[in-house]
Protein chains: 2
Amino acid sequence: MSRVAVKTDLDPAIAGRLKRNSDGLVAAIVREHGSGDVLMLAWMDDEALHRTLTTGRATYWSRSRGEYWVKGATSGHFQYVHDVALDCDGDALLVTVEQVGAACHTGEHTCFHNELPVTRPEGVTP
Amino acid sequence: MSRVAVKTDLDPAIAGRLKRNSDGLVAAIVREHGSGDVLMLAWMDDEALHRTLTTGRATYWSRSRGEYWVKGATSGHFQYVHDVALDCDGDALLVTVEQVGAACHTGEHTCFHNELPVTRPEGVTP
């Protein structure tokens with residue numbers, strides 16, 4: 001679903017550092033404070049980032065629903081924002097949160113619960 | 001740069017679970033084994049995932065160069081693949097690696113070294 005640009009109060013100094021994709025979004029990797037577990041990957045536009053940086057609650061742009069998504073607003077599984085970092089080329093964020101309950105809609109702790117088989121040629125470790 | 005579809009030996013059972021973006025790519029969150037540090041975000045097509053799962057070395061699709069990118073091939077900063085997990089909706093991977101040297105081309109340990117300012121309304125913790 002396409003995104004309608006909204007007026008945002010995101011600090012222009014931050015907005016100027018973002019390298020958005022063709023939908024106006026940057027990727028947000030969500031990590032649990034304390035455990036360091038990687039919980040999920042979501043997406044933010046400027047306003048979602050502004051809300052994440054200022055409301056204390058992680059807020060994303062839902063690509064499927066075409067609306068802002070305060071994680072936990074429906075499930076109660078809020079993500080309280082601990083810190084946010086931008087990567088070197090401005091197209092990805094690392095959002096560290098206090099996760100209430102399960103991060104994944106399946107009820108799993110993280111969304112990354114499907115292991116894929118890894119094989120290695122002889123002599124290539126770890 | 002647009003991606004030319006290549007023949008791939010990726011297991012069709014895995015390929016069938018991927019939900020690729022319009023460029024045929026899935027996001028790959030790269031995490032360091034041991035420290036758990038999130039190092040970078042990269043992208044994979046089916047063949048890059050196949051190479052990552054079978055060669056022991058993390059391999060991505062470079063969107064800027066339009067070619068496969070064995071991380072470390074130029075810098076020596078290889079990523080030896082420890083494990084790979086697919087997320088619940090098939091559009092993101094979590095690749096856990098043994099990182100040789102710095103993950104970021106800037107020389108920093110991780111690409112997420114730019115902290116953004118977080119404020120919280122009173123009463124909203126962590």
# chains A, B, ... in the order shown; residues from 1 in each chain; ligands from 1
$ calpha_fit_and_write --fixed "chain B" --moving "chain A" --output "short mmCIF file (atom, residue, chain, number, x, y, z; two decimals) with N, CA, C and O atoms, in the first residue's frame"
data_model
loop_
_atom_site.label_atom_id
_atom_site.label_comp_id
_atom_site.auth_asym_id
_atom_site.auth_seq_id
_atom_site.Cartn_x
_atom_site.Cartn_y
_atom_site.Cartn_z
N MET A 1 20.90 0.01 -9.00
CA MET A 1 21.20 -0.77 -10.20
C MET A 1 20.31 -2.00 -10.20
O MET A 1 20.15 -2.65 -9.16
N SER A 2 19.70 -2.30 -11.31
CA SER A 2 18.75 -3.40 -11.30
C SER A 2 19.49 -4.74 -11.35
O SER A 2 20.61 -4.83 -11.80
N ARG A 3 18.80 -5.71 -10.89
CA ARG A 3 19.38 -7.02 -10.69
C ARG A 3 18.96 -7.92 -11.84
O ARG A 3 17.81 -7.94 -12.23
N VAL A 4 19.91 -8.64 -12.38
CA VAL A 4 19.59 -9.62 -13.42
C VAL A 4 19.36 -10.95 -12.73
O VAL A 4 20.20 -11.39 -11.94
N ALA A 5 18.21 -11.57 -13.00
CA ALA A 5 17.93 -12.86 -12.37
C ALA A 5 18.95 -13.88 -12.84
O ALA A 5 19.28 -13.94 -14.02
N VAL A 6 19.48 -14.66 -11.93
CA VAL A 6 20.44 -15.69 -12.29
C VAL A 6 19.87 -17.04 -11.89
O VAL A 6 19.00 -17.14 -11.03
N LYS A 7 20.38 -18.05 -12.52
CA LYS A 7 20.03 -19.42 -12.14
C LYS A 7 20.63 -19.64 -10.75
O LYS A 7 21.75 -19.23 -10.48
N THR A 8 19.87 -20.26 -9.90
CA THR A 8 20.36 -20.46 -8.54
C THR A 8 20.11 -21.89 -8.11
O THR A 8 19.14 -22.52 -8.57
N ASP A 9 20.99 -22.40 -7.27
CA ASP A 9 20.81 -23.74 -6.71
C ASP A 9 20.18 -23.68 -5.33
O ASP A 9 20.22 -24.67 -4.60
N LEU A 10 19.61 -22.54 -4.96
CA LEU A 10 18.95 -22.47 -3.65
C LEU A 10 17.86 -23.53 -3.58
O LEU A 10 17.06 -23.68 -4.51
N ASP A 11 17.84 -24.25 -2.49
CA ASP A 11 16.82 -25.26 -2.24
C ASP A 11 15.42 -24.67 -2.50
O ASP A 11 15.05 -23.67 -1.87
N PRO A 12 14.67 -25.26 -3.41
CA PRO A 12 13.34 -24.71 -3.72
C PRO A 12 12.43 -24.62 -2.50
O PRO A 12 11.54 -23.76 -2.44
N ALA A 13 12.65 -25.50 -1.52
CA ALA A 13 11.83 -25.45 -0.30
C ALA A 13 12.11 -24.17 0.47
O ALA A 13 11.22 -23.63 1.14
N ILE A 14 13.35 -23.68 0.40
CA ILE A 14 13.68 -22.41 1.04
C ILE A 14 13.20 -21.26 0.17
O ILE A 14 12.57 -20.31 0.65
N ALA A 15 13.49 -21.35 -1.13
CA ALA A 15 13.08 -20.28 -2.05
C ALA A 15 11.58 -20.01 -1.95
O ALA A 15 11.13 -18.86 -2.02
N GLY A 16 10.82 -21.08 -1.74
CA GLY A 16 9.36 -20.95 -1.68
C GLY A 16 8.87 -20.22 -0.44
O GLY A 16 7.72 -19.80 -0.39
N ARG A 17 9.76 -20.06 0.52
CA ARG A 17 9.37 -19.37 1.77
C ARG A 17 9.76 -17.90 1.75
O ARG A 17 9.42 -17.16 2.67
N LEU A 18 10.51 -17.47 0.73
CA LEU A 18 10.99 -16.08 0.69
C LEU A 18 9.92 -15.15 0.13
O LEU A 18 9.25 -15.47 -0.86
N LYS A 19 9.81 -14.00 0.75
CA LYS A 19 8.92 -12.96 0.24
C LYS A 19 9.83 -11.80 -0.16
O LYS A 19 10.26 -11.00 0.68
N ARG A 20 10.15 -11.76 -1.45
CA ARG A 20 11.13 -10.81 -1.96
C ARG A 20 10.49 -9.45 -2.22
O ARG A 20 9.30 -9.38 -2.54
N ASN A 21 11.30 -8.39 -2.17
CA ASN A 21 10.77 -7.07 -2.55
C ASN A 21 10.75 -6.96 -4.08
O ASN A 21 11.05 -7.93 -4.79
N SER A 22 10.38 -5.79 -4.55
CA SER A 22 10.20 -5.64 -6.00
C SER A 22 11.51 -5.79 -6.76
O SER A 22 11.52 -6.00 -7.98
N ASP A 23 12.64 -5.73 -6.07
CA ASP A 23 13.94 -5.98 -6.69
C ASP A 23 14.39 -7.43 -6.53
O ASP A 23 15.53 -7.78 -6.87
N GLY A 24 13.52 -8.27 -5.96
CA GLY A 24 13.87 -9.68 -5.80
C GLY A 24 14.78 -9.95 -4.61
O GLY A 24 15.45 -10.98 -4.56
N LEU A 25 14.77 -9.04 -3.65
CA LEU A 25 15.71 -9.13 -2.53
C LEU A 25 14.99 -9.28 -1.19
O LEU A 25 13.85 -8.82 -1.03
N VAL A 26 15.68 -9.90 -0.25
CA VAL A 26 15.24 -9.89 1.14
C VAL A 26 16.33 -9.22 1.97
O VAL A 26 17.51 -9.27 1.63
N ALA A 27 15.92 -8.59 3.06
CA ALA A 27 16.86 -7.90 3.94
C ALA A 27 17.63 -8.92 4.77
O ALA A 27 17.06 -9.93 5.19
N ALA A 28 18.89 -8.64 5.01
CA ALA A 28 19.71 -9.52 5.85
C ALA A 28 20.32 -8.69 6.98
O ALA A 28 21.18 -7.84 6.75
N ILE A 29 19.85 -8.95 8.18
CA ILE A 29 20.41 -8.33 9.37
C ILE A 29 21.63 -9.17 9.77
O ILE A 29 21.51 -10.38 9.89
N VAL A 30 22.74 -8.52 9.96
CA VAL A 30 23.97 -9.26 10.26
C VAL A 30 24.37 -9.00 11.70
O VAL A 30 24.52 -7.85 12.12
N ARG A 31 24.53 -10.07 12.44
CA ARG A 31 24.81 -10.00 13.88
C ARG A 31 26.09 -10.76 14.17
O ARG A 31 26.36 -11.81 13.58
N GLU A 32 26.86 -10.26 15.11
CA GLU A 32 28.11 -10.92 15.48
C GLU A 32 27.84 -12.03 16.50
O GLU A 32 27.21 -11.78 17.53
N HIS A 33 28.35 -13.21 16.20
CA HIS A 33 28.26 -14.31 17.16
C HIS A 33 29.07 -13.95 18.40
O HIS A 33 30.11 -13.33 18.32
N GLY A 34 28.59 -14.35 19.53
CA GLY A 34 29.33 -14.08 20.76
C GLY A 34 28.88 -12.77 21.37
O GLY A 34 28.14 -12.76 22.34
N SER A 35 29.27 -11.65 20.75
CA SER A 35 28.88 -10.35 21.32
C SER A 35 27.40 -10.07 21.11
O SER A 35 26.79 -9.33 21.88
N GLY A 36 26.83 -10.63 20.05
CA GLY A 36 25.44 -10.32 19.71
C GLY A 36 25.27 -8.95 19.08
O GLY A 36 24.14 -8.53 18.80
N ASP A 37 26.37 -8.24 18.85
CA ASP A 37 26.27 -6.90 18.25
C ASP A 37 25.64 -6.97 16.86
O ASP A 37 25.99 -7.83 16.06
N VAL A 38 24.73 -6.05 16.59
CA VAL A 38 24.18 -5.93 15.25
C VAL A 38 25.17 -5.13 14.42
O VAL A 38 25.50 -3.99 14.76
N LEU A 39 25.66 -5.72 13.35
CA LEU A 39 26.78 -5.14 12.60
C LEU A 39 26.34 -4.28 11.42
O LEU A 39 26.91 -3.22 11.18
N MET A 40 25.37 -4.76 10.67
CA MET A 40 25.00 -4.06 9.43
C MET A 40 23.69 -4.64 8.90
O MET A 40 23.21 -5.67 9.37
N LEU A 41 23.14 -3.94 7.91
CA LEU A 41 21.99 -4.46 7.16
C LEU A 41 22.42 -4.56 5.70
O LEU A 41 22.98 -3.61 5.15
N ALA A 42 22.19 -5.73 5.11
CA ALA A 42 22.53 -5.91 3.70
C ALA A 42 21.35 -6.60 3.02
O ALA A 42 20.29 -6.77 3.62
N TRP A 43 21.53 -6.95 1.77
CA TRP A 43 20.43 -7.52 0.98
C TRP A 43 20.90 -8.77 0.26
O TRP A 43 22.05 -8.87 -0.15
N MET A 44 19.99 -9.72 0.10
CA MET A 44 20.30 -10.97 -0.60
C MET A 44 19.22 -11.29 -1.61
O MET A 44 18.03 -11.12 -1.33
N ASP A 45 19.65 -11.80 -2.75
CA ASP A 45 18.71 -12.50 -3.63
C ASP A 45 18.86 -14.00 -3.34
O ASP A 45 19.61 -14.40 -2.45
N ASP A 46 18.16 -14.82 -4.09
CA ASP A 46 18.18 -16.26 -3.81
C ASP A 46 19.60 -16.82 -3.89
O ASP A 46 20.00 -17.63 -3.05
N GLU A 47 20.36 -16.40 -4.91
CA GLU A 47 21.68 -16.96 -5.10
C GLU A 47 22.64 -16.50 -3.98
O GLU A 47 23.48 -17.27 -3.52
N ALA A 48 22.53 -15.25 -3.56
CA ALA A 48 23.36 -14.78 -2.44
C ALA A 48 23.06 -15.59 -1.18
O ALA A 48 23.96 -15.97 -0.43
N LEU A 49 21.77 -15.88 -0.97
CA LEU A 49 21.42 -16.71 0.19
C LEU A 49 21.99 -18.11 0.03
O LEU A 49 22.55 -18.68 0.98
N HIS A 50 21.87 -18.66 -1.17
CA HIS A 50 22.43 -20.00 -1.41
C HIS A 50 23.92 -20.02 -1.09
O HIS A 50 24.42 -20.93 -0.42
N ARG A 51 24.65 -19.01 -1.56
CA ARG A 51 26.10 -18.97 -1.32
C ARG A 51 26.39 -18.80 0.17
O ARG A 51 27.34 -19.38 0.70
N THR A 52 25.57 -17.99 0.84
CA THR A 52 25.76 -17.78 2.28
C THR A 52 25.54 -19.08 3.05
O THR A 52 26.27 -19.38 4.00
N LEU A 53 24.55 -19.85 2.60
CA LEU A 53 24.21 -21.10 3.31
C LEU A 53 25.19 -22.23 3.03
O LEU A 53 25.23 -23.20 3.77
N THR A 54 25.98 -22.10 1.93
CA THR A 54 26.79 -23.25 1.52
C THR A 54 28.29 -23.00 1.41
O THR A 54 29.06 -23.95 1.32
N THR A 55 28.71 -21.72 1.39
CA THR A 55 30.16 -21.47 1.23
C THR A 55 30.84 -21.11 2.54
O THR A 55 32.07 -21.00 2.60
N GLY A 56 30.04 -20.84 3.58
CA GLY A 56 30.62 -20.47 4.86
C GLY A 56 30.93 -18.99 4.98
O GLY A 56 31.27 -18.51 6.05
N ARG A 57 30.81 -18.28 3.85
CA ARG A 57 31.11 -16.84 3.87
C ARG A 57 29.86 -16.05 3.50
O ARG A 57 29.22 -16.32 2.47
N ALA A 58 29.56 -15.05 4.30
CA ALA A 58 28.38 -14.24 4.05
C ALA A 58 28.53 -13.51 2.72
O ALA A 58 29.54 -12.86 2.46
N THR A 59 27.50 -13.67 1.88
CA THR A 59 27.52 -13.12 0.53
C THR A 59 26.21 -12.37 0.30
O THR A 59 25.14 -12.90 0.58
N TYR A 60 26.34 -11.16 -0.19
CA TYR A 60 25.17 -10.29 -0.37
C TYR A 60 25.03 -9.90 -1.83
O TYR A 60 25.90 -10.15 -2.66
N TRP A 61 23.91 -9.22 -2.11
CA TRP A 61 23.76 -8.55 -3.39
C TRP A 61 24.03 -7.07 -3.14
O TRP A 61 23.36 -6.44 -2.33
N SER A 62 25.05 -6.54 -3.80
CA SER A 62 25.35 -5.12 -3.66
C SER A 62 24.44 -4.32 -4.58
O SER A 62 24.54 -4.41 -5.81
N ARG A 63 23.54 -3.55 -3.97
CA ARG A 63 22.61 -2.76 -4.76
C ARG A 63 23.32 -1.62 -5.48
O ARG A 63 22.93 -1.22 -6.57
N SER A 64 24.38 -1.10 -4.89
CA SER A 64 25.09 0.02 -5.52
C SER A 64 25.97 -0.45 -6.68
O SER A 64 26.08 0.22 -7.69
N ARG A 65 26.57 -1.62 -6.51
CA ARG A 65 27.46 -2.10 -7.57
C ARG A 65 26.78 -3.06 -8.53
O ARG A 65 27.32 -3.35 -9.61
N GLY A 66 25.60 -3.56 -8.14
CA GLY A 66 24.89 -4.48 -9.02
C GLY A 66 25.63 -5.78 -9.23
O GLY A 66 25.70 -6.30 -10.34
N GLU A 67 26.18 -6.32 -8.13
CA GLU A 67 26.90 -7.59 -8.25
C GLU A 67 26.91 -8.32 -6.91
O GLU A 67 26.63 -7.70 -5.87
N TYR A 68 27.27 -9.59 -6.95
CA TYR A 68 27.42 -10.33 -5.71
C TYR A 68 28.62 -9.79 -4.96
O TYR A 68 29.61 -9.35 -5.56
N TRP A 69 28.51 -9.85 -3.67
CA TRP A 69 29.48 -9.20 -2.80
C TRP A 69 29.81 -10.16 -1.66
O TRP A 69 29.02 -10.32 -0.74
N VAL A 70 30.96 -10.80 -1.79
CA VAL A 70 31.45 -11.60 -0.67
C VAL A 70 32.06 -10.62 0.31
O VAL A 70 33.11 -10.03 0.04
N LYS A 71 31.37 -10.43 1.41
CA LYS A 71 31.86 -9.46 2.40
C LYS A 71 33.29 -9.84 2.79
O LYS A 71 33.54 -10.98 3.20
N GLY A 72 34.21 -8.89 2.65
CA GLY A 72 35.60 -9.15 3.00
C GLY A 72 36.49 -9.46 1.81
O GLY A 72 37.71 -9.50 1.95
N ALA A 73 35.89 -9.70 0.64
CA ALA A 73 36.70 -10.07 -0.53
C ALA A 73 37.72 -8.98 -0.84
O ALA A 73 38.84 -9.27 -1.28
N THR A 74 37.35 -7.74 -0.62
CA THR A 74 38.28 -6.62 -0.86
C THR A 74 39.02 -6.24 0.42
O THR A 74 40.24 -6.06 0.41
N SER A 75 38.29 -6.14 1.52
CA SER A 75 38.85 -5.61 2.77
C SER A 75 39.56 -6.66 3.61
O SER A 75 40.33 -6.33 4.51
N GLY A 76 39.27 -7.94 3.33
CA GLY A 76 39.75 -8.99 4.23
C GLY A 76 38.86 -9.18 5.45
O GLY A 76 39.09 -10.09 6.24
N HIS A 77 37.85 -8.34 5.58
CA HIS A 77 36.96 -8.41 6.73
C HIS A 77 35.80 -9.36 6.47
O HIS A 77 34.64 -8.97 6.41
N PHE A 78 36.17 -10.63 6.31
CA PHE A 78 35.18 -11.67 6.01
C PHE A 78 34.21 -11.85 7.15
O PHE A 78 34.49 -11.50 8.30
N GLN A 79 33.08 -12.40 6.78
CA GLN A 79 32.09 -12.82 7.78
C GLN A 79 31.85 -14.31 7.60
O GLN A 79 31.26 -14.74 6.61
N TYR A 80 32.32 -15.09 8.55
CA TYR A 80 32.13 -16.53 8.51
C TYR A 80 30.77 -16.86 9.12
O TYR A 80 30.48 -16.44 10.24
N VAL A 81 29.99 -17.59 8.35
CA VAL A 81 28.58 -17.80 8.70
C VAL A 81 28.44 -18.79 9.85
O VAL A 81 28.95 -19.91 9.78
N HIS A 82 27.76 -18.37 10.88
CA HIS A 82 27.50 -19.23 12.03
C HIS A 82 26.11 -19.86 11.92
O HIS A 82 25.97 -21.07 11.96
N ASP A 83 25.10 -19.03 11.78
CA ASP A 83 23.77 -19.56 11.51
C ASP A 83 22.92 -18.50 10.81
O ASP A 83 23.28 -17.31 10.80
N VAL A 84 21.82 -18.96 10.25
CA VAL A 84 20.93 -18.09 9.47
C VAL A 84 19.49 -18.44 9.84
O VAL A 84 19.14 -19.62 9.88
N ALA A 85 18.71 -17.43 10.12
CA ALA A 85 17.29 -17.66 10.42
C ALA A 85 16.44 -16.75 9.55
O ALA A 85 16.83 -15.62 9.21
N LEU A 86 15.29 -17.27 9.17
CA LEU A 86 14.31 -16.52 8.37
C LEU A 86 13.19 -16.05 9.29
O LEU A 86 12.80 -16.77 10.20
N ASP A 87 12.68 -14.86 9.02
CA ASP A 87 11.64 -14.36 9.92
C ASP A 87 10.26 -14.92 9.56
O ASP A 87 10.10 -15.64 8.56
N CYS A 88 9.29 -14.58 10.39
CA CYS A 88 7.96 -15.18 10.30
C CYS A 88 7.27 -14.91 8.98
O CYS A 88 6.46 -15.71 8.52
N ASP A 89 7.55 -13.77 8.34
CA ASP A 89 6.87 -13.50 7.08
C ASP A 89 7.78 -13.61 5.87
O ASP A 89 7.38 -13.24 4.76
N GLY A 90 8.99 -14.12 6.06
CA GLY A 90 9.83 -14.52 4.92
C GLY A 90 10.52 -13.39 4.19
O GLY A 90 11.11 -13.61 3.13
N ASP A 91 10.49 -12.17 4.75
CA ASP A 91 11.15 -11.08 4.03
C ASP A 91 12.40 -10.53 4.72
O ASP A 91 12.95 -9.53 4.28
N ALA A 92 12.84 -11.20 5.77
CA ALA A 92 14.07 -10.76 6.44
C ALA A 92 14.82 -11.97 6.99
O ALA A 92 14.20 -12.94 7.45
N LEU A 93 16.14 -11.88 6.92
CA LEU A 93 17.03 -12.92 7.43
C LEU A 93 17.85 -12.36 8.58
O LEU A 93 18.19 -11.16 8.58
N LEU A 94 18.18 -13.22 9.51
CA LEU A 94 19.12 -12.86 10.56
C LEU A 94 20.34 -13.76 10.39
O LEU A 94 20.23 -14.99 10.55
N VAL A 95 21.46 -13.16 10.02
CA VAL A 95 22.67 -13.90 9.71
C VAL A 95 23.66 -13.67 10.85
O VAL A 95 24.07 -12.53 11.09
N THR A 96 24.01 -14.72 11.54
CA THR A 96 24.94 -14.60 12.66
C THR A 96 26.32 -15.06 12.16
O THR A 96 26.45 -16.13 11.57
N VAL A 97 27.31 -14.21 12.38
CA VAL A 97 28.63 -14.42 11.76
C VAL A 97 29.75 -14.24 12.77
O VAL A 97 29.60 -13.58 13.80
N GLU A 98 30.90 -14.84 12.41
CA GLU A 98 32.16 -14.50 13.05
C GLU A 98 32.75 -13.39 12.17
O GLU A 98 33.09 -13.63 11.01
N GLN A 99 32.85 -12.20 12.72
CA GLN A 99 33.32 -11.05 11.96
C GLN A 99 34.84 -10.92 12.09
O GLN A 99 35.36 -10.82 13.19
N VAL A 100 35.52 -10.86 10.95
CA VAL A 100 36.96 -10.57 10.95
C VAL A 100 37.12 -9.06 10.81
O VAL A 100 36.60 -8.46 9.87
N GLY A 101 37.81 -8.44 11.76
CA GLY A 101 38.03 -6.98 11.68
C GLY A 101 36.74 -6.21 11.82
O GLY A 101 35.76 -6.68 12.43
N ALA A 102 36.73 -5.03 11.25
CA ALA A 102 35.58 -4.12 11.36
C ALA A 102 34.52 -4.51 10.35
O ALA A 102 34.84 -4.84 9.20
N ALA A 103 33.25 -4.44 10.75
CA ALA A 103 32.18 -4.71 9.79
C ALA A 103 31.93 -3.51 8.89
O ALA A 103 31.55 -3.66 7.73
N CYS A 104 32.13 -2.31 9.42
CA CYS A 104 31.76 -1.11 8.66
C CYS A 104 32.93 -0.62 7.81
O CYS A 104 34.08 -0.66 8.25
N HIS A 105 32.60 -0.11 6.62
CA HIS A 105 33.66 0.38 5.73
C HIS A 105 34.34 1.63 6.31
O HIS A 105 35.41 2.02 5.84
N THR A 106 33.73 2.25 7.33
CA THR A 106 34.35 3.41 7.98
C THR A 106 35.44 2.99 8.97
O THR A 106 36.13 3.83 9.52
N GLY A 107 35.53 1.68 9.22
CA GLY A 107 36.49 1.19 10.21
C GLY A 107 35.88 0.98 11.59
O GLY A 107 36.54 0.44 12.48
N GLU A 108 34.62 1.39 11.75
CA GLU A 108 33.93 1.16 13.02
C GLU A 108 33.54 -0.33 13.11
O GLU A 108 33.34 -1.00 12.11
N HIS A 109 33.39 -0.78 14.35
CA HIS A 109 33.03 -2.18 14.58
C HIS A 109 31.68 -2.51 13.94
O HIS A 109 31.52 -3.58 13.33
N THR A 110 30.70 -1.63 14.11
CA THR A 110 29.40 -1.85 13.48
C THR A 110 29.04 -0.61 12.66
O THR A 110 29.59 0.48 12.86
N CYS A 111 28.07 -0.80 11.76
CA CYS A 111 27.61 0.33 10.94
C CYS A 111 26.69 1.27 11.74
O CYS A 111 26.42 2.38 11.30
N PHE A 112 26.22 0.81 12.89
CA PHE A 112 25.23 1.59 13.66
C PHE A 112 25.92 2.41 14.74
O PHE A 112 25.73 2.17 15.94
N HIS A 113 26.73 3.37 14.34
CA HIS A 113 27.53 4.12 15.32
C HIS A 113 27.06 5.58 15.43
O HIS A 113 27.75 6.39 16.03
N ASN A 114 25.90 5.88 14.86
CA ASN A 114 25.37 7.25 14.96
C ASN A 114 24.13 7.26 15.85
O ASN A 114 23.02 6.97 15.38
N GLU A 115 24.32 7.61 17.11
CA GLU A 115 23.19 7.63 18.04
C GLU A 115 22.28 8.82 17.72
O GLU A 115 22.78 9.93 17.46
N LEU A 116 20.99 8.60 17.77
CA LEU A 116 20.02 9.68 17.61
C LEU A 116 19.44 10.04 18.98
O LEU A 116 19.34 9.17 19.85
N PRO A 117 19.06 11.30 19.17
CA PRO A 117 18.56 11.72 20.48
C PRO A 117 17.15 11.19 20.75
O PRO A 117 16.26 11.34 19.92
N VAL A 118 16.98 10.54 21.90
CA VAL A 118 15.68 10.01 22.31
C VAL A 118 15.18 10.80 23.50
O VAL A 118 15.91 11.01 24.46
N THR A 119 13.94 11.25 23.42
CA THR A 119 13.29 11.88 24.56
C THR A 119 12.02 11.10 24.85
O THR A 119 11.49 10.41 23.98
N ARG A 120 11.54 11.17 26.08
CA ARG A 120 10.34 10.43 26.46
C ARG A 120 9.43 11.33 27.27
O ARG A 120 9.89 12.09 28.10
N PRO A 121 8.12 11.20 27.04
CA PRO A 121 7.19 11.93 27.91
C PRO A 121 7.35 11.43 29.34
O PRO A 121 7.72 10.27 29.56
N GLU A 122 7.04 12.27 30.29
CA GLU A 122 7.10 11.84 31.70
C GLU A 122 6.22 10.63 31.91
O GLU A 122 5.10 10.57 31.39
N GLY A 123 6.71 9.68 32.65
CA GLY A 123 5.89 8.51 32.99
C GLY A 123 6.05 7.37 32.01
O GLY A 123 5.57 6.28 32.26
N VAL A 124 6.67 7.63 30.85
CA VAL A 124 6.94 6.53 29.92
C VAL A 124 8.39 6.12 30.12
O VAL A 124 9.31 6.91 29.91
N THR A 125 8.58 4.92 30.57
CA THR A 125 9.93 4.43 30.79
C THR A 125 10.26 3.45 29.68
O THR A 125 9.38 3.10 28.93
N PRO A 126 11.45 3.02 29.43
CA PRO A 126 12.32 2.39 30.42
C PRO A 126 13.10 3.45 31.21
O PRO A 126 13.80 4.24 30.74
#
$ select_by_dssp --residues "region 44-123 of chain A" --states "strand (DSSP E or B)" --output "PyMOL selection string"
chain A and resi 44+57+59-62+67-70+79-86+92-99+114-116
$ write_last_selection --atoms "C-alpha atoms" --output "PDB file, in the first residue's frame"
ATOM      1  CA  MET A  44       9.774   3.826   9.324  1.00  0.00           C
ATOM      2  CA  ARG A  57       7.072   3.881  22.129  1.00  0.00           C
ATOM      3  CA  THR A  59       6.251   3.328  16.053  1.00  0.00           C
ATOM      4  CA  TYR A  60       6.512   1.990  12.522  1.00  0.00           C
ATOM      5  CA  TRP A  61       4.926   2.409   9.137  1.00  0.00           C
ATOM      6  CA  SER A  62       2.847  -0.680   8.390  1.00  0.00           C
ATOM      7  CA  GLU A  67      -0.833   3.325   8.438  1.00  0.00           C
ATOM      8  CA  TYR A  68       1.258   4.191  11.452  1.00  0.00           C
ATOM      9  CA  TRP A  69       1.660   1.290  13.787  1.00  0.00           C
ATOM     10  CA  VAL A  70       2.412   1.743  17.453  1.00  0.00           C
ATOM     11  CA  GLN A  79       8.213  -1.664  22.733  1.00  0.00           C
ATOM     12  CA  TYR A  80       9.584   1.038  25.005  1.00  0.00           C
ATOM     13  CA  VAL A  81      12.396   2.829  23.245  1.00  0.00           C
ATOM     14  CA  HIS A  82      15.798   2.594  24.875  1.00  0.00           C
ATOM     15  CA  ASP A  83      18.009   4.009  22.156  1.00  0.00           C
ATOM     16  CA  VAL A  84      18.125   4.500  18.395  1.00  0.00           C
ATOM     17  CA  ALA A  85      21.135   4.519  16.088  1.00  0.00           C
ATOM     18  CA  LEU A  86      21.415   5.323  12.397  1.00  0.00           C
ATOM     19  CA  ALA A  92      18.850   1.577   8.351  1.00  0.00           C
ATOM     20  CA  LEU A  93      18.079   2.166  12.017  1.00  0.00           C
ATOM     21  CA  LEU A  94      18.865   0.031  15.022  1.00  0.00           C
ATOM     22  CA  VAL A  95      16.137   0.491  17.625  1.00  0.00           C
ATOM     23  CA  THR A  96      16.858  -0.958  21.052  1.00  0.00           C
ATOM     24  CA  VAL A  97      13.717  -1.530  23.103  1.00  0.00           C
ATOM     25  CA  GLU A  98      12.271  -2.954  26.267  1.00  0.00           C
ATOM     26  CA  GLN A  99       9.910  -5.540  24.792  1.00  0.00           C
ATOM     27  CA  ASN A 114      13.010 -20.355  11.463  1.00  0.00           C
ATOM     28  CA  GLU A 115      16.548 -21.712  11.268  1.00  0.00           C
ATOM     29  CA  LEU A 116      17.882 -22.442   7.790  1.00  0.00           C
TER      30      LEU A 116
END
$ select_by_dssp --residues "region 28-100 of chain B" --states "alpha helix (DSSP H)" --output "PyMOL selection string"
chain B and resi 46-55
$ write_last_selection --atoms "C-alpha atoms" --output "JSON list (two decimals), in the first residue's frame"
[["chain", "number", "residue", "atom", "x", "y", "z"],
["B", 46, "ASP", "CA", 18.18, -16.25, -3.82],
["B", 47, "GLU", "CA", 21.69, -16.95, -5.08],
["B", 48, "ALA", "CA", 23.36, -14.78, -2.43],
["B", 49, "LEU", "CA", 21.41, -16.70, 0.19],
["B", 50, "HIS", "CA", 22.43, -19.98, -1.40],
["B", 51, "ARG", "CA", 26.10, -18.97, -1.31],
["B", 52, "THR", "CA", 25.77, -17.77, 2.27],
["B", 53, "LEU", "CA", 24.22, -21.09, 3.31],
["B", 54, "THR", "CA", 26.78, -23.25, 1.51],
["B", 55, "THR", "CA", 30.16, -21.47, 1.23]]
